[in-house]
Amino acid sequence: MRILVVGSGMYVTGRKGTGNGTILASLIQLAKQQKLSEMVIVSKSATSALHVEEATANISARLGYKANVRFVAIPDELSDLALLVKGESFDAAIVSVPDHLHYAYVNFCISAKIPTLVVKPLTPTYEEAKSLIELSESAKVYGAVEFHKRWDESNLYAKRVLKEGKIGALNYIQVDYSQKIKIPTEIFKGWSDQTNILQYLGIHYIDLIYFLTSFTPIRVSAYGTKKTLIAKGIDTYDSIHAFIEWQNPHDAKDKFISIINANWIDANSGAAMSDQKIKFIGTEGRLECDQKDRGIELVNEHGGVQLINPYFSEYLPGDDGHETLNGYGFKSIERFVLDVIDLQNNAVSFEHLIANRPSFRSASISTLVSDFANQSLAQNAAWVDITKK
Ligand SMILES: NC(=O)c1ccc[n+]([C@@H]2O[C@H](COP(=O)([O-])OP(=O)(O)OC[C@H]3O[C@@H](n4cnc5c(N)ncnc54)[C@H](O)[C@@H]3O)[C@@H](O)[C@H]2O)c1
């Protein structure tokens, strides 16, 4: 199986002290497991060739597997990509470019009949999401979003608790999710003013709440604060606070509210890149998940106090004498690759994937909420009814 990766940024190759580069490490792990034969990474900037080369060498050494990774520069973006795709065939694609470019590249890949996984958010607007759903489902070309929190065991446990009614009916869900200020000011400096913290980060939990409850979002009010980043010349919200009302699709009277507080102005000296907690309050109990503090603290002279989450995307000693990439970040990418292989072998139906994965259809609910939250932000936090136009 040959895979195309569009984008060679932080989430693909890892850099600036932000971790492993979950996408490339996952793909090389899958190549080691004989699920992939070749990876072609494309990026607008030719200087990315060096990043890809370094990351490939580093990951290959850790995993003890020499991967077949090739870099191709596409300075003319979509037209160069079209030339590449015309000359070679790809079984699957992963798109990891800044949020506002998702639509153009996903539209390109699906139109070229290549099953595609895109990093979140699916698209910034619901209009774009709807058009991708139509394109993918009418051509039966599988498309999904890399919402890896759907594979985190603590979230799957929460799903079971809710399903079994162990805390009764939901009254509210509270999420606190934030990242260090170096994300908007250094790592995504080039495009942080073209997204916002709810659309870039909070979207993970909007999707998660939908995945956990299957409730329908019916209205939203979003309030934003602008102090720190605007003073640094970046015109985007420091924090966004979204109130979302959700309704049981089988019982219109059964509703709950979710409150999502998201920011990206945490001190760089914090103990983890992401601070994240989710709390479920029901009529008969509560469930609280601290998704930053997983109970592992590393303290040393170089890094100070760090809280480690080894469950997302981590190299751990493997049973072959080399390291293995583990975690829900890996599982999400593995699931996509295995699903594409199963589709090729008629071992799974397209309809099954649309219903049970973060398919474009399922993932579009988070885009719907984020799109209407943007309307509320523009109207001074007014409540806005969520309707599928
Ligand atoms: N955990 C997660 O779910 C997670 C983490 C980080 C980033 N992301 C998402 O991944 C996406 C990209 O993030 P990143 O970390 O790789 O960002 P980045 O800024 O490090 O890299 C962006 C990449 O896009 C490429 N690019 C920029 N403009 C382009 C264009 N016009 N055409 C083609 N390529 C272009 C750049 O060359 C670069 O390779 C974003 O949507 C972000 O929200 C998800």
# chains A, B, ... in the order shown; residues from 1 in each chain; ligands from 1
>>> select_by_dssp(residues="region 80-124 of chain A", states="strand (DSSP E or B)", output="MDAnalysis selection string")
chainID A and resid 92:95 116:118
>>> write_last_selection(atoms="all heavy atoms", output="PDB file, in the first residue's frame")
ATOM      1  N   ALA A  92      -4.070   5.653  -0.438  1.00  0.00           N
ATOM      2  CA  ALA A  92      -4.671   6.456   0.634  1.00  0.00           C
ATOM      3  C   ALA A  92      -3.893   7.754   0.766  1.00  0.00           C
ATOM      4  O   ALA A  92      -2.759   7.859   0.276  1.00  0.00           O
ATOM      5  CB  ALA A  92      -4.618   5.682   1.961  1.00  0.00           C
ATOM      6  N   ALA A  93      -4.529   8.735   1.438  1.00  0.00           N
ATOM      7  CA  ALA A  93      -3.846  10.017   1.676  1.00  0.00           C
ATOM      8  C   ALA A  93      -4.131  10.487   3.095  1.00  0.00           C
ATOM      9  O   ALA A  93      -5.191  10.185   3.663  1.00  0.00           O
ATOM     10  CB  ALA A  93      -4.324  11.070   0.676  1.00  0.00           C
ATOM     11  N   ILE A  94      -3.156  11.207   3.654  1.00  0.00           N
ATOM     12  CA  ILE A  94      -3.369  11.904   4.928  1.00  0.00           C
ATOM     13  C   ILE A  94      -3.074  13.378   4.680  1.00  0.00           C
ATOM     14  O   ILE A  94      -2.011  13.717   4.142  1.00  0.00           O
ATOM     15  CB  ILE A  94      -2.465  11.343   6.049  1.00  0.00           C
ATOM     16  CG1 ILE A  94      -2.804   9.875   6.310  1.00  0.00           C
ATOM     17  CG2 ILE A  94      -2.627  12.166   7.332  1.00  0.00           C
ATOM     18  CD1 ILE A  94      -2.036   9.224   7.454  1.00  0.00           C
ATOM     19  N   VAL A  95      -4.024  14.238   5.039  1.00  0.00           N
ATOM     20  CA  VAL A  95      -3.858  15.678   4.816  1.00  0.00           C
ATOM     21  C   VAL A  95      -3.608  16.353   6.159  1.00  0.00           C
ATOM     22  O   VAL A  95      -4.415  16.242   7.083  1.00  0.00           O
ATOM     23  CB  VAL A  95      -5.114  16.272   4.125  1.00  0.00           C
ATOM     24  CG1 VAL A  95      -5.016  17.796   4.049  1.00  0.00           C
ATOM     25  CG2 VAL A  95      -5.288  15.671   2.732  1.00  0.00           C
ATOM     26  N   THR A 116      -9.171   9.310   2.150  1.00  0.00           N
ATOM     27  CA  THR A 116      -8.399  10.376   2.799  1.00  0.00           C
ATOM     28  C   THR A 116      -8.726  10.530   4.272  1.00  0.00           C
ATOM     29  O   THR A 116      -9.896  10.555   4.665  1.00  0.00           O
ATOM     30  CB  THR A 116      -8.685  11.718   2.075  1.00  0.00           C
ATOM     31  OG1 THR A 116      -8.310  11.576   0.705  1.00  0.00           O
ATOM     32  CG2 THR A 116      -7.908  12.873   2.689  1.00  0.00           C
ATOM     33  N   LEU A 117      -7.647  10.679   5.062  1.00  0.00           N
ATOM     34  CA  LEU A 117      -7.770  11.028   6.482  1.00  0.00           C
ATOM     35  C   LEU A 117      -7.245  12.450   6.616  1.00  0.00           C
ATOM     36  O   LEU A 117      -6.136  12.742   6.164  1.00  0.00           O
ATOM     37  CB  LEU A 117      -6.908  10.081   7.327  1.00  0.00           C
ATOM     38  CG  LEU A 117      -6.937  10.297   8.837  1.00  0.00           C
ATOM     39  CD1 LEU A 117      -8.278   9.836   9.424  1.00  0.00           C
ATOM     40  CD2 LEU A 117      -5.799   9.528   9.520  1.00  0.00           C
ATOM     41  N   VAL A 118      -8.043  13.332   7.249  1.00  0.00           N
ATOM     42  CA  VAL A 118      -7.582  14.714   7.437  1.00  0.00           C
ATOM     43  C   VAL A 118      -7.484  14.997   8.934  1.00  0.00           C
ATOM     44  O   VAL A 118      -8.301  14.506   9.717  1.00  0.00           O
ATOM     45  CB  VAL A 118      -8.518  15.724   6.708  1.00  0.00           C
ATOM     46  CG1 VAL A 118      -9.954  15.662   7.229  1.00  0.00           C
ATOM     47  CG2 VAL A 118      -8.007  17.160   6.835  1.00  0.00           C
TER      48      VAL A 118
END
>>> residues_around(residues="Ala355 (chain A)", least_positions_apart="6", cutoff="12 Å", atoms="only C-alpha atoms", output="short mmCIF file (atom, residue, chain, number, x, y, z; two decimals) with N, CA and C atoms, in the first residue's frame")
data_model
loop_
_atom_site.label_atom_id
_atom_site.label_comp_id
_atom_site.auth_asym_id
_atom_site.auth_seq_id
_atom_site.Cartn_x
_atom_site.Cartn_y
_atom_site.Cartn_z
N GLU A 137 -19.44 10.55 -0.29
CA GLU A 137 -20.46 9.50 -0.24
C GLU A 137 -21.02 9.19 -1.63
N TYR A 142 -13.82 6.75 0.72
CA TYR A 142 -13.87 6.91 2.18
C TYR A 142 -13.08 8.14 2.64
N GLY A 143 -13.70 8.91 3.54
CA GLY A 143 -13.03 10.07 4.12
C GLY A 143 -13.30 10.12 5.61
N ALA A 144 -12.26 10.41 6.41
CA ALA A 144 -12.41 10.46 7.87
C ALA A 144 -11.51 11.54 8.45
N PHE A 211 -19.50 11.96 20.09
CA PHE A 211 -19.16 10.53 20.01
C PHE A 211 -19.64 9.79 21.26
N SER A 214 -24.04 10.76 21.42
CA SER A 214 -24.89 10.73 20.21
C SER A 214 -26.02 11.75 20.29
N VAL A 348 -14.90 -5.01 4.67
CA VAL A 348 -15.76 -4.11 5.43
C VAL A 348 -16.56 -3.30 4.42
N SER A 349 -17.77 -2.85 4.83
CA SER A 349 -18.54 -2.04 3.88
C SER A 349 -18.28 -0.56 4.11
N ARG A 361 -19.12 12.46 7.66
CA ARG A 361 -20.49 12.71 8.14
C ARG A 361 -20.51 12.87 9.66
N SER A 362 -19.86 11.95 10.36
CA SER A 362 -19.87 11.99 11.82
C SER A 362 -19.07 13.19 12.35
N ALA A 363 -17.91 13.44 11.74
CA ALA A 363 -17.04 14.53 12.20
C ALA A 363 -17.61 15.90 11.87
#
>>> atom_distance(atom1="CA of Lys32 (chain A)", atom2="CA of Leu325 (chain A)")
10.6 Å
>>> closest_atom_pairs(of="chain A", to="ligand 1", cutoff="7 Å", atoms="only C-alpha atoms and all ligand atoms", output="CSV")
residue,atom,partner,partner_atom_place_in_ligand_line,distance
A:Val6,CA,ligand 1,34 (N),6.6
A:Gly7,CA,ligand 1,39 (O),3.8
A:Ser8,CA,ligand 1,39 (O),3.5
A:Gly9,CA,ligand 1,21 (O),3.2
A:Met10,CA,ligand 1,20 (O),3.7
A:Tyr11,CA,ligand 1,15 (O),4.0
A:Val12,CA,ligand 1,16 (O),5.6
A:Ser43,CA,ligand 1,37 (O),4.8
A:Lys44,CA,ligand 1,33 (C),4.6
A:Ser45,CA,ligand 1,37 (O),5.1
A:Ser48,CA,ligand 1,39 (O),6.9
A:Glu77,CA,ligand 1,32 (N),5.0
A:Ser96,CA,ligand 1,11 (C),4.4
A:Val97,CA,ligand 1,24 (O),3.7
A:Pro98,CA,ligand 1,40 (C),4.2
A:Asp99,CA,ligand 1,41 (O),4.0
A:Leu101,CA,ligand 1,31 (N),6.7
A:Val119,CA,ligand 1,10 (O),5.2
A:Lys120,CA,ligand 1,43 (O),5.6
A:Pro121,CA,ligand 1,41 (O),6.3
A:Glu146,CA,ligand 1,3 (O),6.7
A:Phe147,CA,ligand 1,3 (O),6.6
A:Ile187,CA,ligand 1,20 (O),6.3
A:Phe188,CA,ligand 1,19 (O),4.9
A:Gly190,CA,ligand 1,19 (O),6.8
A:Tyr200,CA,ligand 1,43 (O),5.1
>>> write_last_selection(atoms="N, CA, C and O atoms", output="compact mmCIF listing (two decimals), in the first residue's frame")
# COMPACT_ATOMS: atom_id res chain seq x y z
N VAL A 6 0.05 14.89 2.74
CA VAL A 6 0.11 16.29 2.31
C VAL A 6 0.42 17.15 3.53
O VAL A 6 -0.37 17.20 4.47
N GLY A 7 1.58 17.82 3.52
CA GLY A 7 2.01 18.64 4.66
C GLY A 7 3.13 17.92 5.39
O GLY A 7 3.14 16.68 5.48
N SER A 8 4.09 18.70 5.88
CA SER A 8 5.22 18.08 6.59
C SER A 8 5.51 18.86 7.86
O SER A 8 6.65 19.00 8.26
N GLY A 9 4.45 19.39 8.47
CA GLY A 9 4.61 20.25 9.64
C GLY A 9 4.78 19.48 10.93
O GLY A 9 5.14 18.28 10.93
N MET A 10 4.49 20.17 12.01
CA MET A 10 4.73 19.66 13.36
C MET A 10 4.06 18.31 13.59
O MET A 10 4.66 17.40 14.13
N TYR A 11 2.80 18.18 13.15
CA TYR A 11 2.08 16.95 13.46
C TYR A 11 2.55 15.76 12.61
O TYR A 11 2.35 14.61 12.96
N VAL A 12 3.22 16.07 11.49
CA VAL A 12 3.74 14.99 10.63
C VAL A 12 5.13 14.58 11.09
O VAL A 12 5.40 13.41 11.34
N SER A 43 5.08 18.83 0.36
CA SER A 43 4.91 20.09 1.08
C SER A 43 5.26 21.23 0.16
O SER A 43 6.06 21.08 -0.76
N LYS A 44 4.64 22.36 0.42
CA LYS A 44 4.85 23.56 -0.38
C LYS A 44 6.30 24.03 -0.31
O LYS A 44 6.88 24.48 -1.28
N SER A 45 6.88 23.88 0.89
CA SER A 45 8.21 24.44 1.07
C SER A 45 9.30 23.39 0.86
O SER A 45 9.31 22.33 1.50
N SER A 48 11.43 21.78 3.65
CA SER A 48 10.90 20.69 4.48
C SER A 48 11.59 19.37 4.19
O SER A 48 11.49 18.43 4.98
N GLU A 77 1.62 24.17 -5.30
CA GLU A 77 0.52 23.59 -4.53
C GLU A 77 -0.33 22.63 -5.34
O GLU A 77 0.18 21.63 -5.83
N SER A 96 -2.47 17.05 6.28
CA SER A 96 -2.14 17.76 7.53
C SER A 96 -1.53 19.12 7.19
O SER A 96 -0.32 19.30 7.22
N VAL A 97 -2.41 20.03 6.79
CA VAL A 97 -2.01 21.40 6.46
C VAL A 97 -2.84 22.33 7.35
O VAL A 97 -3.78 21.88 8.00
N PRO A 98 -2.51 23.62 7.41
CA PRO A 98 -3.30 24.52 8.26
C PRO A 98 -4.81 24.44 7.96
O PRO A 98 -5.22 24.19 6.81
N ASP A 99 -5.60 24.67 9.02
CA ASP A 99 -7.06 24.46 8.98
C ASP A 99 -7.74 25.01 7.71
O ASP A 99 -8.55 24.33 7.09
N LEU A 101 -6.81 25.37 4.83
CA LEU A 101 -6.48 24.71 3.55
C LEU A 101 -7.06 23.29 3.46
O LEU A 101 -6.91 22.62 2.45
N VAL A 119 -6.46 15.76 9.33
CA VAL A 119 -6.37 16.15 10.74
C VAL A 119 -7.53 17.09 11.05
O VAL A 119 -8.10 17.70 10.16
N LYS A 120 -7.87 17.21 12.31
CA LYS A 120 -9.01 18.05 12.67
C LYS A 120 -8.66 19.52 12.51
O LYS A 120 -7.47 19.84 12.57
N PRO A 121 -9.62 20.42 12.34
CA PRO A 121 -11.04 20.17 12.11
C PRO A 121 -11.27 19.72 10.65
O PRO A 121 -10.44 20.02 9.80
N GLU A 146 -9.03 12.71 11.74
CA GLU A 146 -8.13 12.07 12.72
C GLU A 146 -8.48 12.55 14.13
O GLU A 146 -7.72 13.29 14.76
N PHE A 147 -9.66 12.14 14.60
CA PHE A 147 -10.10 12.51 15.95
C PHE A 147 -9.65 11.40 16.91
O PHE A 147 -10.42 10.51 17.29
N ILE A 187 4.88 28.02 17.21
CA ILE A 187 4.72 26.82 16.39
C ILE A 187 3.76 27.05 15.21
O ILE A 187 4.05 26.66 14.08
N PHE A 188 2.61 27.68 15.46
CA PHE A 188 1.66 27.96 14.38
C PHE A 188 1.59 29.45 14.08
O PHE A 188 0.55 29.97 13.69
N GLY A 190 2.55 31.22 11.69
CA GLY A 190 2.17 31.58 10.33
C GLY A 190 0.66 31.59 10.09
O GLY A 190 0.20 32.21 9.14
N TYR A 200 -9.56 25.15 16.58
CA TYR A 200 -8.30 24.40 16.47
C TYR A 200 -8.20 23.33 17.57
O TYR A 200 -7.78 22.20 17.32
>>> residues_around(residues="Leu27 (chain A)", least_positions_apart="4", cutoff="10 Å", atoms="only C-alpha atoms", output="PyMOL selection string")
chain A and resi 3+5+12+22-23+31-33+35-39+67+69+325+330+333-334+337
>>> residues_around(residues="Val52 (chain A)", least_positions_apart="3", cutoff="8 Å", atoms="only C-alpha atoms", output="PDB file with N, CA, C and O atoms, in the first residue's frame")
ATOM      1  N   SER A   8       4.087  18.699   5.883  1.00  0.00           N
ATOM      2  CA  SER A   8       5.224  18.076   6.585  1.00  0.00           C
ATOM      3  C   SER A   8       5.507  18.857   7.857  1.00  0.00           C
ATOM      4  O   SER A   8       6.648  18.999   8.265  1.00  0.00           O
ATOM      5  N   THR A  13       6.034  15.559  11.224  1.00  0.00           N
ATOM      6  CA  THR A  13       7.438  15.203  11.483  1.00  0.00           C
ATOM      7  C   THR A  13       7.906  15.536  12.902  1.00  0.00           C
ATOM      8  O   THR A  13       8.977  15.083  13.304  1.00  0.00           O
ATOM      9  N   ILE A  41       5.744  12.137   0.954  1.00  0.00           N
ATOM     10  CA  ILE A  41       5.337  13.331   1.699  1.00  0.00           C
ATOM     11  C   ILE A  41       5.520  14.542   0.807  1.00  0.00           C
ATOM     12  O   ILE A  41       6.609  14.742   0.240  1.00  0.00           O
ATOM     13  N   SER A  48      11.433  21.777   3.653  1.00  0.00           N
ATOM     14  CA  SER A  48      10.902  20.691   4.477  1.00  0.00           C
ATOM     15  C   SER A  48      11.592  19.369   4.191  1.00  0.00           C
ATOM     16  O   SER A  48      11.488  18.428   4.975  1.00  0.00           O
ATOM     17  N   ALA A  49      12.280  19.273   3.037  1.00  0.00           N
ATOM     18  CA  ALA A  49      12.952  18.018   2.674  1.00  0.00           C
ATOM     19  C   ALA A  49      13.873  17.573   3.814  1.00  0.00           C
ATOM     20  O   ALA A  49      13.913  16.400   4.176  1.00  0.00           O
ATOM     21  N   ALA A  55      13.609  13.441  10.355  1.00  0.00           N
ATOM     22  CA  ALA A  55      12.581  12.730  11.124  1.00  0.00           C
ATOM     23  C   ALA A  55      12.547  11.252  10.733  1.00  0.00           C
ATOM     24  O   ALA A  55      12.440  10.371  11.589  1.00  0.00           O
ATOM     25  N   THR A  56      12.666  10.979   9.426  1.00  0.00           N
ATOM     26  CA  THR A  56      12.643   9.580   8.958  1.00  0.00           C
ATOM     27  C   THR A  56      13.816   8.801   9.559  1.00  0.00           C
ATOM     28  O   THR A  56      13.635   7.677  10.046  1.00  0.00           O
ATOM     29  N   PHE A  71      10.304  12.515  -0.294  1.00  0.00           N
ATOM     30  CA  PHE A  71       9.755  13.870  -0.186  1.00  0.00           C
ATOM     31  C   PHE A  71       9.650  14.492  -1.577  1.00  0.00           C
ATOM     32  O   PHE A  71      10.558  14.367  -2.395  1.00  0.00           O
TER      33      PHE A  71
END
>>> closest_residue(among="A:Gln291, A:Asn155, A:Gln199, A:Thr216", to="Thr367 (chain A)", atoms="only C-alpha atoms")
A:Gln199
>>> residues_around(residues="Ala61 (chain A)", least_positions_apart="6", cutoff="12 Å", atoms="only C-alpha atoms", output="list of chain:residue names")
A:Ala25, A:Ile28, A:Gln29, A:Lys32, A:Glu54, A:Ala55, A:Ala67, A:Tyr315, A:Gly321, A:His322, A:Glu323, A:Thr324
>>> write_last_selection(atoms="N, CA and C atoms", output="mmCIF file, in the first residue's frame")
data_model
loop_
_atom_site.group_PDB
_atom_site.id
_atom_site.type_symbol
_atom_site.label_atom_id
_atom_site.label_comp_id
_atom_site.auth_asym_id
_atom_site.auth_seq_id
_atom_site.Cartn_x
_atom_site.Cartn_y
_atom_site.Cartn_z
ATOM 1 N N ALA A 25 5.656 8.877 12.386
ATOM 2 C CA ALA A 25 6.046 7.771 13.264
ATOM 3 C C ALA A 25 5.025 6.624 13.158
ATOM 4 N N ILE A 28 5.518 4.807 9.808
ATOM 5 C CA ILE A 28 6.716 3.943 9.776
ATOM 6 C C ILE A 28 6.482 2.691 10.639
ATOM 7 N N GLN A 29 5.771 2.871 11.757
ATOM 8 C CA GLN A 29 5.412 1.699 12.580
ATOM 9 C C GLN A 29 4.549 0.723 11.749
ATOM 10 N N LYS A 32 6.630 -1.103 9.283
ATOM 11 C CA LYS A 32 7.348 -2.185 9.974
ATOM 12 C C LYS A 32 6.433 -3.402 10.149
ATOM 13 N N GLU A 54 15.432 14.084 8.305
ATOM 14 C CA GLU A 54 15.892 13.924 9.694
ATOM 15 C C GLU A 54 14.893 13.102 10.509
ATOM 16 N N ALA A 55 13.609 13.441 10.355
ATOM 17 C CA ALA A 55 12.581 12.730 11.124
ATOM 18 C C ALA A 55 12.547 11.252 10.733
ATOM 19 N N ALA A 67 12.563 2.737 6.657
ATOM 20 C CA ALA A 67 11.316 2.991 5.930
ATOM 21 C C ALA A 67 11.567 3.616 4.574
ATOM 22 N N TYR A 315 6.965 6.320 22.092
ATOM 23 C CA TYR A 315 7.823 5.171 21.827
ATOM 24 C C TYR A 315 8.026 4.432 23.146
ATOM 25 N N GLY A 321 13.346 -5.920 20.776
ATOM 26 C CA GLY A 321 14.629 -5.275 21.085
ATOM 27 C C GLY A 321 14.690 -3.832 20.608
ATOM 28 N N HIS A 322 13.708 -3.398 19.812
ATOM 29 C CA HIS A 322 13.620 -2.005 19.381
ATOM 30 C C HIS A 322 12.413 -1.356 20.055
ATOM 31 N N GLU A 323 12.204 -0.069 19.738
ATOM 32 C CA GLU A 323 11.020 0.587 20.305
ATOM 33 C C GLU A 323 9.816 0.380 19.388
ATOM 34 N N THR A 324 8.631 0.583 19.957
ATOM 35 C CA THR A 324 7.376 0.477 19.214
ATOM 36 C C THR A 324 6.596 1.761 19.476
#
>>> residues_around(residues="His148 (chain A)", least_positions_apart="3", cutoff="10 Å", atoms="only C-alpha atoms", output="ChimeraX atom specification")
/A:119-120,145,151-152,204,208,312,327-333,358
>>> write_last_selection(atoms="all heavy atoms", output="short mmCIF file (atom, residue, chain, number, x, y, z; two decimals), in the first residue's frame")
data_model
loop_
_atom_site.label_atom_id
_atom_site.label_comp_id
_atom_site.auth_asym_id
_atom_site.auth_seq_id
_atom_site.Cartn_x
_atom_site.Cartn_y
_atom_site.Cartn_z
N VAL A 119 -6.46 15.76 9.33
CA VAL A 119 -6.37 16.15 10.74
C VAL A 119 -7.53 17.09 11.05
O VAL A 119 -8.10 17.70 10.16
CB VAL A 119 -5.01 16.82 11.06
CG1 VAL A 119 -3.88 15.82 10.92
CG2 VAL A 119 -4.78 18.02 10.18
N LYS A 120 -7.87 17.21 12.31
CA LYS A 120 -9.01 18.05 12.67
C LYS A 120 -8.66 19.52 12.51
O LYS A 120 -7.47 19.84 12.57
CB LYS A 120 -9.50 17.74 14.09
CG LYS A 120 -8.39 17.80 15.17
CD LYS A 120 -8.03 19.17 15.62
CE LYS A 120 -6.66 19.43 15.95
NZ LYS A 120 -6.25 20.80 16.01
N VAL A 145 -11.80 11.88 9.71
CA VAL A 145 -11.03 12.90 10.41
C VAL A 145 -10.24 12.23 11.53
O VAL A 145 -10.74 11.34 12.21
CB VAL A 145 -11.95 14.02 10.96
CG1 VAL A 145 -11.15 15.06 11.73
CG2 VAL A 145 -12.70 14.69 9.81
N TRP A 151 -10.12 7.10 20.52
CA TRP A 151 -9.43 5.83 20.82
C TRP A 151 -8.78 5.84 22.20
O TRP A 151 -8.13 4.88 22.59
CB TRP A 151 -8.38 5.53 19.74
CG TRP A 151 -8.97 4.91 18.51
CD1 TRP A 151 -9.08 3.58 18.24
CD2 TRP A 151 -9.57 5.59 17.40
NE1 TRP A 151 -9.71 3.39 17.03
CE2 TRP A 151 -10.02 4.61 16.50
CE3 TRP A 151 -9.78 6.93 17.08
CZ2 TRP A 151 -10.65 4.92 15.29
CZ3 TRP A 151 -10.41 7.24 15.89
CH2 TRP A 151 -10.83 6.25 15.01
N ASP A 152 -8.94 6.94 22.94
CA ASP A 152 -8.33 7.04 24.28
C ASP A 152 -9.16 6.18 25.24
O ASP A 152 -10.39 6.39 25.39
CB ASP A 152 -8.33 8.53 24.70
CG ASP A 152 -7.72 8.77 26.09
OD1 ASP A 152 -7.60 7.81 26.88
OD2 ASP A 152 -7.39 9.94 26.38
N HIS A 204 -11.83 19.09 19.45
CA HIS A 204 -11.61 17.70 19.88
C HIS A 204 -12.71 17.28 20.85
O HIS A 204 -13.23 16.17 20.78
CB HIS A 204 -10.27 17.58 20.62
CG HIS A 204 -9.10 17.29 19.74
ND1 HIS A 204 -9.01 16.17 18.95
CD2 HIS A 204 -7.94 17.97 19.53
CE1 HIS A 204 -7.85 16.16 18.29
NE2 HIS A 204 -7.19 17.25 18.64
N LEU A 208 -15.80 14.76 20.74
CA LEU A 208 -15.84 13.71 21.75
C LEU A 208 -17.23 13.64 22.41
O LEU A 208 -17.79 12.55 22.61
CB LEU A 208 -14.76 13.94 22.80
CG LEU A 208 -14.63 12.82 23.83
CD1 LEU A 208 -14.16 11.52 23.18
CD2 LEU A 208 -13.67 13.21 24.94
N PHE A 312 -0.82 8.73 24.58
CA PHE A 312 -1.21 9.38 23.31
C PHE A 312 -0.37 8.86 22.14
O PHE A 312 -0.87 8.17 21.25
CB PHE A 312 -1.10 10.90 23.45
CG PHE A 312 -1.19 11.64 22.15
CD1 PHE A 312 -2.13 11.28 21.18
CD2 PHE A 312 -0.33 12.71 21.87
CE1 PHE A 312 -2.20 11.96 19.97
CE2 PHE A 312 -0.41 13.38 20.66
CZ PHE A 312 -1.33 13.01 19.72
N GLY A 327 -0.14 4.04 21.52
CA GLY A 327 -1.03 5.11 21.96
C GLY A 327 -2.25 5.32 21.08
O GLY A 327 -2.35 4.78 19.98
N TYR A 328 -3.17 6.17 21.60
CA TYR A 328 -4.40 6.40 20.83
C TYR A 328 -4.14 7.24 19.58
O TYR A 328 -4.91 7.17 18.62
CB TYR A 328 -5.52 6.98 21.70
CG TYR A 328 -5.18 8.17 22.57
CD1 TYR A 328 -5.23 9.46 22.07
CD2 TYR A 328 -4.84 8.02 23.92
CE1 TYR A 328 -4.95 10.55 22.87
CE2 TYR A 328 -4.55 9.10 24.73
CZ TYR A 328 -4.61 10.37 24.20
OH TYR A 328 -4.33 11.45 25.00
N GLY A 329 -3.05 8.02 19.56
CA GLY A 329 -2.68 8.75 18.34
C GLY A 329 -2.31 7.76 17.25
O GLY A 329 -2.75 7.87 16.10
N PHE A 330 -1.53 6.75 17.60
CA PHE A 330 -1.15 5.70 16.66
C PHE A 330 -2.38 4.89 16.23
O PHE A 330 -2.60 4.63 15.05
CB PHE A 330 -0.09 4.77 17.27
CG PHE A 330 0.13 3.53 16.45
CD1 PHE A 330 0.73 3.61 15.20
CD2 PHE A 330 -0.30 2.29 16.91
CE1 PHE A 330 0.90 2.47 14.41
CE2 PHE A 330 -0.13 1.15 16.13
CZ PHE A 330 0.47 1.24 14.89
N LYS A 331 -3.20 4.51 17.22
CA LYS A 331 -4.35 3.64 16.91
C LYS A 331 -5.29 4.28 15.89
O LYS A 331 -5.88 3.60 15.05
CB LYS A 331 -5.14 3.35 18.18
CG LYS A 331 -4.52 2.28 19.04
CD LYS A 331 -5.44 1.95 20.20
CE LYS A 331 -4.78 1.05 21.21
NZ LYS A 331 -5.51 0.97 22.46
N SER A 332 -5.47 5.60 16.01
CA SER A 332 -6.39 6.29 15.11
C SER A 332 -5.89 6.22 13.66
O SER A 332 -6.66 5.99 12.72
CB SER A 332 -6.54 7.73 15.62
OG SER A 332 -6.68 8.63 14.61
N ILE A 333 -4.57 6.38 13.48
CA ILE A 333 -4.00 6.33 12.12
C ILE A 333 -3.96 4.88 11.63
O ILE A 333 -4.29 4.57 10.48
CB ILE A 333 -2.60 6.99 12.11
CG1 ILE A 333 -2.80 8.50 12.37
CG2 ILE A 333 -1.86 6.74 10.80
CD1 ILE A 333 -1.55 9.26 12.67
N PRO A 358 -14.92 8.23 12.73
CA PRO A 358 -15.05 9.69 12.57
C PRO A 358 -15.06 10.06 11.08
O PRO A 358 -14.18 10.77 10.58
CB PRO A 358 -13.81 10.25 13.30
CG PRO A 358 -12.86 9.11 13.41
CD PRO A 358 -13.63 7.83 13.34
#
>>> select_by_dssp(residues="region 20-127 of chain A", states="alpha helix (DSSP H)", output="PyMOL selection string")
chain A and resi 22-32+48-63+78-87+102-111+126-127
>>> residues_around(residues="Asn171 (chain A)", least_positions_apart="4", cutoff="6 Å", atoms="only C-alpha atoms", output="PyMOL selection string")
chain A and resi 256+281-282
